[in-house]
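Structure file start_24.txt; described as compact mmCIF, C-alpha atoms.
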```txt
# COMPACT_ATOMS: atom_id res chain seq x y z
CA MET A 206 7.68 -73.01 -163.43
CA PRO A 207 5.39 -74.52 -160.86
CA ARG A 208 5.26 -78.27 -161.60
CA SER A 209 4.01 -80.47 -164.45
CA LEU A 210 0.94 -79.53 -166.49
CA ARG A 211 0.19 -83.06 -167.64
CA ASN A 212 -2.81 -83.84 -165.42
CA LEU A 213 -4.68 -80.67 -166.36
CA LEU A 214 -3.86 -80.77 -170.05
CA PHE A 215 -4.89 -84.33 -170.58
CA ALA A 216 -8.01 -83.88 -168.51
CA ALA A 217 -9.00 -80.96 -170.80
CA ALA A 218 -5.75 -82.20 -171.84
CA CYS A 219 20.65 -74.66 -144.36
CA LEU A 220 22.95 -72.02 -145.74
CA PHE A 221 25.66 -73.30 -148.06
CA PRO A 222 28.38 -70.75 -148.93
CA LEU A 223 29.75 -70.37 -152.41
CA SER A 224 33.23 -71.71 -152.91
CA SER A 225 36.07 -69.23 -153.01
CA GLY A 226 37.95 -68.31 -156.15
CA THR A 227 36.84 -67.12 -159.56
CA PRO A 228 34.62 -69.55 -161.42
CA PRO A 229 36.51 -71.09 -164.34
CA ARG A 230 35.47 -69.79 -167.74
CA ALA A 231 34.84 -72.47 -170.30
CA GLN A 232 36.51 -72.05 -173.65
CA THR A 233 34.30 -71.04 -176.53
CA ALA A 234 33.18 -74.12 -178.40
CA ALA A 235 32.36 -74.20 -182.10
CA PRO A 236 28.78 -75.27 -182.76
CA ALA A 237 28.43 -78.92 -183.69
CA ALA A 238 27.26 -79.63 -187.22
CA SER A 239 24.13 -81.27 -185.83
CA LEU A 240 23.25 -78.44 -183.44
CA THR A 241 20.85 -76.68 -185.80
CA PRO A 242 17.61 -78.55 -186.63
CA GLY A 243 17.96 -78.24 -190.40
CA PRO A 244 17.97 -75.08 -192.52
CA LYS A 245 16.63 -72.00 -190.75
CA PRO A 246 13.11 -71.19 -192.01
CA SER A 247 12.06 -67.74 -193.14
CA ASP A 248 9.84 -65.63 -190.93
CA VAL A 249 6.18 -65.07 -191.79
CA PRO A 250 3.90 -62.00 -191.73
CA VAL A 251 3.07 -60.75 -188.27
CA GLN A 252 -0.63 -61.24 -188.98
CA TRP A 253 0.02 -64.96 -189.36
CA LYS A 254 1.96 -65.13 -186.11
CA GLN A 255 -0.93 -63.42 -184.35
CA LEU A 256 -3.34 -66.03 -185.74
CA VAL A 257 -1.54 -69.32 -185.10
CA GLY A 258 -2.61 -70.92 -181.84
CA ILE A 259 -5.14 -73.26 -180.21
CA TYR A 260 -8.86 -72.74 -180.79
CA ASP A 261 -12.05 -74.43 -179.68
CA TYR A 262 -14.47 -74.74 -182.59
CA THR A 263 -18.21 -74.67 -181.87
CA SER A 264 -21.33 -74.63 -184.04
CA TYR A 265 -24.97 -75.65 -183.77
CA SER A 266 -24.44 -78.59 -186.11
CA SER A 267 -21.29 -80.22 -184.69
CA PRO A 268 -19.66 -80.92 -181.30
CA LYS A 269 -16.83 -78.80 -179.95
CA GLN A 270 -13.37 -79.59 -181.31
CA THR A 271 -9.91 -78.37 -180.36
CA LEU A 272 -8.00 -77.18 -183.41
CA ILE A 273 -4.43 -76.00 -183.92
CA PHE A 274 -3.70 -73.24 -186.42
CA LEU A 275 -0.06 -73.39 -187.56
CA GLU A 276 2.36 -72.36 -190.28
CA GLU A 277 4.69 -74.65 -192.19
CA ASP A 278 6.68 -73.98 -195.38
CA GLN A 279 5.07 -70.53 -195.76
CA ARG A 280 1.56 -71.98 -195.71
CA LEU A 281 -1.16 -71.83 -193.05
CA TYR A 282 -2.88 -74.98 -191.82
CA MET A 283 -5.67 -76.03 -189.48
CA GLN A 284 -5.17 -79.34 -187.66
CA PRO A 285 -7.40 -81.13 -185.14
CA GLN A 286 -5.44 -81.64 -181.94
CA GLY A 287 -3.74 -85.04 -182.03
CA GLN A 288 -4.81 -85.72 -185.65
CA PRO A 289 -2.05 -84.51 -188.01
CA GLU A 290 -3.45 -86.69 -190.79
CA LYS A 291 -6.48 -84.37 -190.96
CA ARG A 292 -4.47 -81.18 -191.53
CA GLU A 293 -6.06 -78.76 -194.00
CA GLU A 294 -4.58 -75.68 -195.65
CA ILE A 295 -6.27 -72.37 -194.88
CA HIS A 296 -5.75 -68.80 -196.07
CA GLU A 297 -5.58 -65.47 -194.21
CA ASN A 298 -6.08 -62.13 -195.88
CA ASP A 299 -7.11 -58.66 -194.73
CA GLY A 300 -8.75 -59.67 -191.43
CA ARG A 301 -10.43 -62.79 -192.81
CA VAL A 302 -9.63 -66.50 -192.71
CA VAL A 303 -10.80 -68.67 -195.61
CA ILE A 304 -11.52 -72.32 -194.81
CA SER A 305 -12.67 -74.97 -197.27
CA ASP A 306 -14.36 -78.11 -195.99
CA PRO A 307 -13.84 -81.61 -197.50
CA ASP A 308 -17.02 -81.23 -199.55
CA GLY A 309 -15.55 -78.25 -201.40
CA ARG A 310 -17.59 -75.56 -199.66
CA THR A 311 -15.71 -72.39 -198.70
CA TYR A 312 -16.32 -70.30 -195.58
CA VAL A 313 -14.92 -66.87 -194.84
CA TYR A 314 -14.43 -66.24 -191.11
CA SER A 315 -14.05 -62.75 -189.65
CA GLU A 316 -11.15 -62.18 -187.24
CA GLN A 317 -11.57 -60.52 -183.88
CA ARG A 318 -8.28 -59.21 -182.54
CA ALA A 319 -7.20 -57.93 -179.12
CA ALA A 320 -5.52 -54.57 -178.61
CA ASN A 321 -2.13 -56.28 -179.03
CA GLY A 322 -3.19 -57.51 -182.49
CA ASN A 323 -3.52 -61.17 -181.55
CA VAL A 324 -6.55 -63.02 -182.85
CA THR A 325 -9.02 -63.97 -180.08
CA ASP A 326 -11.95 -65.33 -182.12
CA LEU A 327 -13.02 -66.24 -185.65
CA SER A 328 -16.71 -66.18 -186.53
CA TYR A 329 -19.04 -67.08 -189.38
CA LEU A 330 -22.79 -66.97 -188.64
CA ALA A 331 -23.29 -69.46 -185.77
CA GLU A 332 -19.83 -70.98 -186.05
CA PHE A 333 -16.98 -69.79 -183.85
CA PHE A 334 -13.29 -70.47 -183.27
CA THR A 335 -12.41 -69.22 -179.77
CA ARG A 336 -8.73 -69.01 -178.86
CA THR A 337 -7.80 -70.92 -175.70
CA ASP A 338 -4.03 -70.47 -175.37
CA ALA A 339 -2.14 -67.56 -173.80
CA GLY A 340 -1.50 -65.82 -177.11
CA ALA A 341 -4.72 -63.81 -177.03
CA ASP A 342 -4.00 -62.05 -173.72
CA PRO A 343 -0.82 -63.26 -171.96
CA ALA A 344 -1.39 -61.03 -168.91
CA ALA A 345 -4.75 -62.61 -168.12
CA PHE A 346 -4.06 -66.23 -168.96
CA TYR A 347 -3.43 -67.89 -165.59
CA HIS A 348 -3.32 -66.25 -162.21
CA ILE A 349 -4.48 -67.32 -158.78
CA THR A 350 -5.48 -65.40 -155.69
CA PRO A 351 -3.13 -66.57 -152.90
CA SER A 352 -4.85 -68.29 -149.99
CA ARG A 353 -3.19 -65.76 -147.67
CA PRO A 354 -1.06 -62.64 -148.15
CA ILE A 355 2.37 -63.56 -149.52
CA ASP A 356 4.15 -61.95 -146.55
CA GLN A 357 2.33 -64.31 -144.20
CA LEU A 358 3.05 -67.30 -146.39
CA ARG A 359 6.72 -66.32 -146.64
CA ALA A 360 7.05 -66.04 -142.84
CA ALA A 361 5.50 -69.47 -142.36
CA ALA A 362 7.64 -71.04 -145.09
CA LEU A 363 10.86 -69.59 -143.70
CA GLY A 364 9.99 -71.13 -140.33
CA ALA A 365 9.45 -74.59 -141.82
CA LYS A 366 12.07 -77.24 -142.61
CA PRO A 367 12.75 -79.08 -145.87
CA PRO A 368 12.09 -82.84 -145.97
CA HIS A 369 14.75 -85.11 -144.57
CA GLU A 370 16.81 -86.93 -147.19
CA SER A 371 19.28 -89.79 -147.02
CA GLY A 372 22.59 -89.11 -148.72
CA PRO A 373 25.29 -89.22 -149.58
CA PHE A 374 25.13 -86.00 -151.59
CA ARG A 375 27.79 -83.85 -153.18
CA THR A 376 28.90 -80.74 -151.33
CA PRO A 377 26.78 -77.85 -152.65
CA ASP A 378 28.62 -75.24 -154.70
CA LEU A 379 26.10 -72.79 -156.15
CA VAL A 380 27.45 -70.42 -158.78
CA GLU A 381 25.88 -67.10 -159.76
CA LEU A 382 25.38 -67.33 -163.53
CA ALA A 383 25.77 -63.61 -164.13
CA THR A 384 29.37 -63.80 -162.88
CA LEU A 385 30.33 -66.39 -165.50
CA ASP A 386 29.50 -64.42 -168.62
CA PRO A 387 27.61 -61.16 -169.30
CA ALA A 388 25.87 -62.92 -172.19
CA PHE A 389 23.70 -64.66 -169.59
CA HIS A 390 20.77 -62.28 -169.43
CA LEU A 391 18.22 -62.47 -166.61
CA ASP A 392 14.45 -62.09 -166.65
CA ILE A 393 13.57 -63.61 -163.28
CA ARG A 394 9.78 -63.61 -163.31
CA TYR A 395 9.35 -64.62 -159.67
CA ALA A 396 11.23 -61.50 -158.60
CA LYS A 397 8.60 -59.43 -160.43
CA SER A 398 4.82 -59.32 -160.66
CA ASP A 399 4.36 -61.03 -164.05
CA ASN A 400 3.96 -64.53 -162.65
CA PHE A 401 1.04 -66.75 -161.67
CA LEU A 402 0.83 -65.15 -158.20
CA SER A 403 0.93 -61.60 -159.63
CA THR A 404 3.42 -60.56 -156.96
CA PRO A 405 7.18 -60.85 -156.33
CA VAL A 406 8.17 -63.98 -154.44
CA TYR A 407 11.96 -63.88 -154.73
CA SER A 408 13.78 -61.24 -152.71
CA GLU A 409 16.34 -60.70 -155.50
CA ALA A 410 16.50 -61.27 -159.25
CA GLN A 411 19.29 -63.85 -159.14
CA ALA A 412 20.11 -67.11 -160.90
CA PHE A 413 22.34 -69.80 -159.36
CA LEU A 414 23.19 -73.36 -160.41
CA GLU A 415 25.44 -76.05 -158.96
CA ARG A 416 28.89 -75.57 -160.48
CA PRO A 417 28.88 -78.55 -162.91
CA ALA A 418 25.46 -77.48 -164.24
CA ALA A 419 26.56 -73.84 -164.44
CA GLU A 420 29.69 -74.73 -166.39
CA ALA A 421 27.70 -76.98 -168.74
CA LEU A 422 25.28 -74.10 -169.33
CA LEU A 423 28.23 -71.83 -170.08
CA ARG A 424 29.35 -74.27 -172.77
CA VAL A 425 25.83 -74.20 -174.23
CA LEU A 426 26.02 -70.40 -174.33
CA HIS A 427 29.33 -70.48 -176.18
CA LYS A 428 28.00 -72.97 -178.72
CA LEU A 429 25.06 -70.68 -179.47
CA GLU A 430 26.98 -67.41 -179.71
CA PRO A 431 28.44 -68.08 -183.22
CA LEU A 432 24.86 -68.68 -184.35
CA GLY A 433 23.80 -65.26 -183.06
CA TYR A 434 22.02 -66.27 -179.86
CA GLY A 435 22.39 -65.79 -176.12
CA LEU A 436 20.56 -67.37 -173.19
CA LEU A 437 17.83 -65.57 -171.26
CA ILE A 438 17.35 -67.07 -167.78
CA HIS A 439 13.90 -67.06 -166.19
CA ASP A 440 14.63 -69.24 -163.16
CA ALA A 441 17.32 -71.54 -161.81
CA TYR A 442 18.03 -72.53 -158.20
CA ARG A 443 14.89 -72.03 -156.13
CA PRO A 444 15.08 -72.10 -152.33
CA TRP A 445 12.84 -74.76 -150.83
CA TYR A 446 10.85 -72.21 -148.86
CA VAL A 447 9.69 -70.66 -152.16
CA THR A 448 8.39 -74.05 -153.27
CA LYS A 449 6.42 -74.15 -150.01
CA ILE A 450 5.05 -70.65 -150.68
CA PHE A 451 3.83 -71.79 -154.10
CA TRP A 452 2.16 -74.84 -152.55
CA ASP A 453 0.54 -73.01 -149.66
CA ALA A 454 -0.63 -70.13 -151.84
CA THR A 455 -2.38 -72.36 -154.37
CA PRO A 456 -5.97 -73.52 -153.75
CA THR A 457 -6.67 -77.24 -153.73
CA GLU A 458 -7.95 -77.38 -157.29
CA GLY A 459 -4.69 -75.85 -158.55
CA LYS A 460 -2.17 -77.94 -156.61
CA MET A 461 -1.41 -79.98 -159.74
CA PHE A 462 0.46 -76.90 -161.00
CA VAL A 463 2.97 -76.74 -158.17
CA ALA A 464 5.63 -79.01 -156.67
CA ASP A 465 4.85 -80.67 -153.35
CA PRO A 466 7.32 -79.31 -150.77
CA LYS A 467 7.30 -82.73 -149.09
CA LYS A 468 9.18 -83.98 -152.15
CA GLY A 469 11.00 -80.82 -153.22
CA SER A 470 11.95 -80.07 -156.82
CA ARG A 471 15.02 -80.17 -159.05
CA HIS A 472 15.08 -76.39 -158.87
CA ASN A 473 15.63 -76.81 -155.11
CA ARG A 474 18.71 -78.90 -155.89
CA GLY A 475 20.29 -76.22 -158.06
CA CYS A 476 20.14 -78.47 -161.12
CA ALA A 477 17.15 -77.12 -163.06
CA VAL A 478 16.98 -74.02 -165.23
CA ASP A 479 14.12 -72.28 -167.05
CA LEU A 480 15.40 -70.35 -170.06
CA THR A 481 14.97 -69.27 -173.64
CA LEU A 482 17.01 -67.70 -176.45
CA TYR A 483 17.58 -64.04 -177.19
CA ASP A 484 18.99 -62.43 -180.31
CA LEU A 485 22.53 -61.10 -179.78
CA ALA A 486 22.10 -58.33 -182.35
CA SER A 487 18.88 -56.87 -180.93
CA ASN A 488 18.96 -58.21 -177.34
CA LYS A 489 15.31 -59.20 -177.83
CA PRO A 490 13.86 -62.56 -176.75
CA ILE A 491 13.27 -65.04 -179.55
CA GLU A 492 9.66 -65.92 -180.35
CA MET A 493 8.74 -69.49 -179.42
CA PRO A 494 5.57 -71.53 -180.14
CA GLY A 495 4.33 -70.76 -176.61
CA LEU A 496 5.09 -68.40 -173.75
CA TYR A 497 7.19 -69.10 -170.69
CA ASP A 498 5.10 -70.54 -167.84
CA GLU A 499 2.11 -70.91 -170.13
CA MET A 500 -0.30 -73.57 -168.93
CA SER A 501 -1.53 -74.91 -172.26
CA PRO A 502 -0.47 -77.58 -174.79
CA ARG A 503 1.75 -74.95 -176.45
CA SER A 504 4.20 -75.66 -173.61
CA PHE A 505 4.90 -79.22 -174.76
CA PRO A 506 8.38 -79.58 -176.37
CA GLY A 507 6.78 -81.38 -179.32
CA PHE A 508 3.77 -79.10 -179.79
CA PRO A 509 3.18 -78.99 -183.58
CA GLY A 510 1.76 -75.45 -183.70
CA GLY A 511 3.28 -72.01 -184.02
CA THR A 512 5.43 -71.11 -187.01
CA SER A 513 8.27 -73.02 -188.63
CA LEU A 514 10.77 -70.47 -187.35
CA GLU A 515 9.40 -70.60 -183.81
CA ARG A 516 9.63 -74.39 -183.76
CA TRP A 517 13.14 -74.22 -185.25
CA HIS A 518 14.29 -71.96 -182.42
CA ARG A 519 12.63 -74.15 -179.78
CA ASP A 520 14.35 -77.23 -181.21
CA LEU A 521 17.70 -75.41 -181.47
CA LEU A 522 17.52 -74.58 -177.76
CA ARG A 523 16.75 -78.19 -176.92
CA ARG A 524 19.57 -79.57 -179.09
CA ALA A 525 22.06 -77.17 -177.58
CA MET A 526 21.03 -78.02 -174.03
CA GLU A 527 21.00 -81.76 -174.65
CA SER A 528 24.50 -81.54 -176.10
CA GLU A 529 25.79 -80.61 -172.63
CA GLY A 530 23.88 -83.04 -170.43
CA PHE A 531 20.53 -81.31 -169.89
CA ALA A 532 17.17 -83.01 -170.46
CA VAL A 533 14.00 -81.13 -171.37
CA ASN A 534 10.93 -81.46 -169.16
CA GLU A 535 8.27 -83.44 -171.01
CA ASP A 536 5.66 -80.71 -170.45
CA GLU A 537 7.72 -77.49 -170.62
CA TRP A 538 9.93 -76.52 -173.55
CA TRP A 539 11.82 -73.98 -171.36
CA HIS A 540 12.62 -76.29 -168.39
CA PHE A 541 15.84 -78.34 -168.43
CA ASP A 542 17.27 -80.63 -165.75
CA TYR A 543 20.98 -81.31 -165.45
CA LYS A 544 21.97 -84.97 -165.65
CA ASP A 545 23.47 -85.14 -162.11
CA TRP A 546 20.50 -83.64 -160.24
CA LYS A 547 20.07 -86.76 -158.08
CA SER A 548 23.55 -86.18 -156.62
CA TYR A 549 22.48 -82.95 -154.87
CA ALA A 550 20.33 -82.41 -151.81
CA ILE A 551 17.38 -80.04 -151.49
CA LEU A 552 18.68 -76.61 -150.48
CA ASN A 553 16.97 -73.75 -148.67
CA ALA A 554 19.55 -70.95 -148.75
CA PRO A 555 17.91 -67.56 -149.52
CA PHE A 556 19.30 -65.51 -152.38
CA GLU A 557 20.46 -62.75 -150.01
CA GLU A 558 22.87 -65.14 -148.33
CA LEU A 559 24.16 -66.61 -151.56
CA SER A 560 24.69 -63.29 -153.36
CA GLY A 561 26.21 -61.81 -150.20
CA ALA A 562 28.74 -64.62 -150.07
CA SER A 563 29.49 -64.07 -153.74
CA ARG A 564 30.19 -60.38 -153.26
CA LYS A 565 32.61 -61.07 -150.41
CA ARG A 566 34.82 -63.35 -152.47
```

For this file, produce the structure as structure tokens.
Amino acid sequence: MPRSLRNLLFAAACLFPLSSGTPPRAQTAAPAASLTPGPKPSDVPVQWKQLVGIYDYTSYSSPKQTLIFLEEDQRLYMQPQGQPEKREEIHENDGRVVISDPDGRTYVYSEQRAANGNVTDLSYLAEFFTRTDAGADPAAFYHITPSRPIDQLRAAALGAKPPHESGPFRTPDLVELATLDPAFHLDIRYAKSDNFLSTPVYSEAQAFLERPAAEALLRVLHKLEPLGYGLLIHDAYRPWYVTKIFWDATPTEGKMFVADPKKGSRHNRGCAVDLTLYDLASNKPIEMPGLYDEMSPRSFPGFPGGTSLERWHRDLLRRAMESEGFAVNEDEWWHFDYKDWKSYAILNAPFEELSGASRKR
């Protein structure tokens, strides 16, 4: 994802060839006893999943508040953001949400739902809960209009040079994840149009990591397989010129979302991966408390909302990744950095060159 969300959320809140030879295949590892974050919770009705989220509450008689609707232990709750001690149980039934205030008065709010079924607003007379996360309409949540056409930005970025760095660095050895195991599934958003620029930026839907990171990720995959899960990759190695495209395309007020090309990113070093879980039986992505690349508090690894099962899956992914030397980004549950990222230089090799080298081996 383009860089940290912290500022916004707290305010509102060089070609390097692949090495020759077949990449070694790690042996399947049995899941550690501590890999799962406790007993797996049961799922909840779809209507509940479409309700849980972040809402701004407004009325004529009180100031605006940000509230989190969540599920825990098969019960629905409403919690002021950052105030878990004020959590209150609520009830949902047949398109209505019943909320009781501390004085014992009960209010019945009407749900307004989008075409996808997700709740967008709750209303009772002059009181409203308006949903502010990406759950209401993921396609419209956050997009920018590039400062110039992407083709022009790409040409300028390809003509620029990455920042100079002082080594020593390890010799780069980028590995194509899809060649290690077919259970690595790819959904490379920046090779498609469903990203914050609404246009493809990558020339190919590929995922590469430096070999030690790739092999560690393979071990994570093999730990998860006995539990019924695979890994779905959204992004991995990112050429530096793409980081520059992101920066140059983003208007000044949005630069906090993207990495400064003068510093580069851990994606540029081949040691960062954006990913989630998918179900081996159905091949469908697992539901998480927030969406990939979502710019809201739902992206925090410790966000208390969503459902118990969604949080369980998010925490399972984190535990599995941490067991093999990856650290989660403090603002993005899907972003993990490999422990040795400082040992690798910023790279700028386009995917065409890397995948071409791979096919010639």

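The space between CA of Ser408 in chain A and CA of Leu379 in chain A spans 17.2 Å.
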
>> Residues within 10 Å of (-11.7, -70.7, -175.9), file coordinates, counting only C-alpha atoms: what are they? Give the list as a VMD selection string.
In response: chain A and resid 259 to 263 271 325 to 326 333 to 338 341

> Given the choices A:Glu332, A:Glu316, A:Asp392, A:Asp308, which gets closest to Ser267 in chain A if the distance is worked out from all atoms listed in the file?
Replying inline: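 Nearest candidate to Ser267 in chain A out of A:Glu332, A:Glu316, A:Asp392, A:Asp308: A:Glu332.
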
Residues of range 238-274 of chain A that have any atom at most 9 Å from an atom of range 485-509 of chain A: could you tabulate them with the shortest-distance atom pair and the distance in Å to one decimal, using all atoms listed in the file, ordered by chain and increasing number, as a tab-separated table?
```
residue	atom	partner	partner_atom	distance
A:Val257	CA	A:Pro494	CA	8.9
A:Gly258	CA	A:Arg503	CA	8.0
A:Ile259	CA	A:Arg503	CA	8.0
A:Ile273	CA	A:Pro509	CA	8.2
```

>> For a quick check of understanding, using all atoms listed in the file, which of A:Ser470, A:Gln284, A:Ser264, A:Gln252 has the smallest distance to Asn298 in chain A?
In response: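 With all atoms listed in the file as the atom set, the closest residue is A:Gln252.
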
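Atom pair CA of Glu293 in chain A / CA of Pro246 in chain A has a distance of 20.7 Å (rounded to one decimal).
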
> Between CA of Asp248 in chain A and CA of Leu480 in chain A, what is the distance, to one decimal in Å?
Replying inline: 22.1 Å

>> Taking (16.5, -68.9, -158.1) in the coordinates of the supplied file, I want to know which residues reach to within 12 Å of it, counting all atoms listed in the file; could you give the answer as a VMD selection string?
In response: chain A and resid 206 379 to 382 391 to 396 406 to 415 438 to 448 471 to 479 552 to 557 559 to 560

> Using only C-alpha atoms, which of A:Pro242, A:Pro405, A:Gly530, A:Gly459 sits nearest Ile355 in chain A?
Replying inline: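 Of the candidates, the smallest distance to Ile355 in chain A is held by A:Pro405.
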
>> Using only C-alpha atoms for the distances, tell me which of A:Leu429, A:Asp306, A:Ile295, A:Ala418 is nearest to Ala532 in chain A.
In response: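 Of all the options, A:Ala418 lies closest to Ala532 in chain A.
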
> Which residues, written as a PyMOL selection string, have at least one atom at most 9 Å from Asp465 in chain A, with all atoms listed in the file counted and residues fewer than 5 positions away on the same chain left out?
Replying inline: chain A and resi 208+448-449+451-452+460+470

> Out of A:Ser403, A:Ser513, A:Thr457, A:Gln270, which residue has the shortest atom-to-atom distance to Phe346 in chain A when counting only C-alpha atoms?
Replying inline: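 Ranked by minimum distance to Phe346 in chain A, first place goes to A:Ser403.
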
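Candidate residues A:Ala360, A:Leu385, A:Leu272, A:Ile450 were compared for distance to Leu422 in chain A, and the nearest is A:Leu385, using only C-alpha atoms.
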
> Which residues, written as a PyMOL selection string, have at least one atom at most 12 Å from Pro244 in chain A, with all atoms listed in the file counted and residues fewer than 3 positions away on the same chain left out?
Replying inline: chain A and resi 238-241+247+278+513-514+517-518+521

Since we have the selection now, will you write its residues out, keeping C-alpha atoms, as a short mmCIF file (atom, residue, chain, number, x, y, z; two decimals), keeping the file's coordinate frame?
```cif
data_model
loop_
_atom_site.label_atom_id
_atom_site.label_comp_id
_atom_site.auth_asym_id
_atom_site.auth_seq_id
_atom_site.Cartn_x
_atom_site.Cartn_y
_atom_site.Cartn_z
CA ALA A 238 27.26 -79.63 -187.22
CA SER A 239 24.13 -81.27 -185.83
CA LEU A 240 23.25 -78.44 -183.44
CA THR A 241 20.85 -76.68 -185.80
CA SER A 247 12.06 -67.74 -193.14
CA ASP A 278 6.68 -73.98 -195.38
CA SER A 513 8.27 -73.02 -188.63
CA LEU A 514 10.77 -70.47 -187.35
CA TRP A 517 13.14 -74.22 -185.25
CA HIS A 518 14.29 -71.96 -182.42
CA LEU A 521 17.70 -75.41 -181.47
#
```
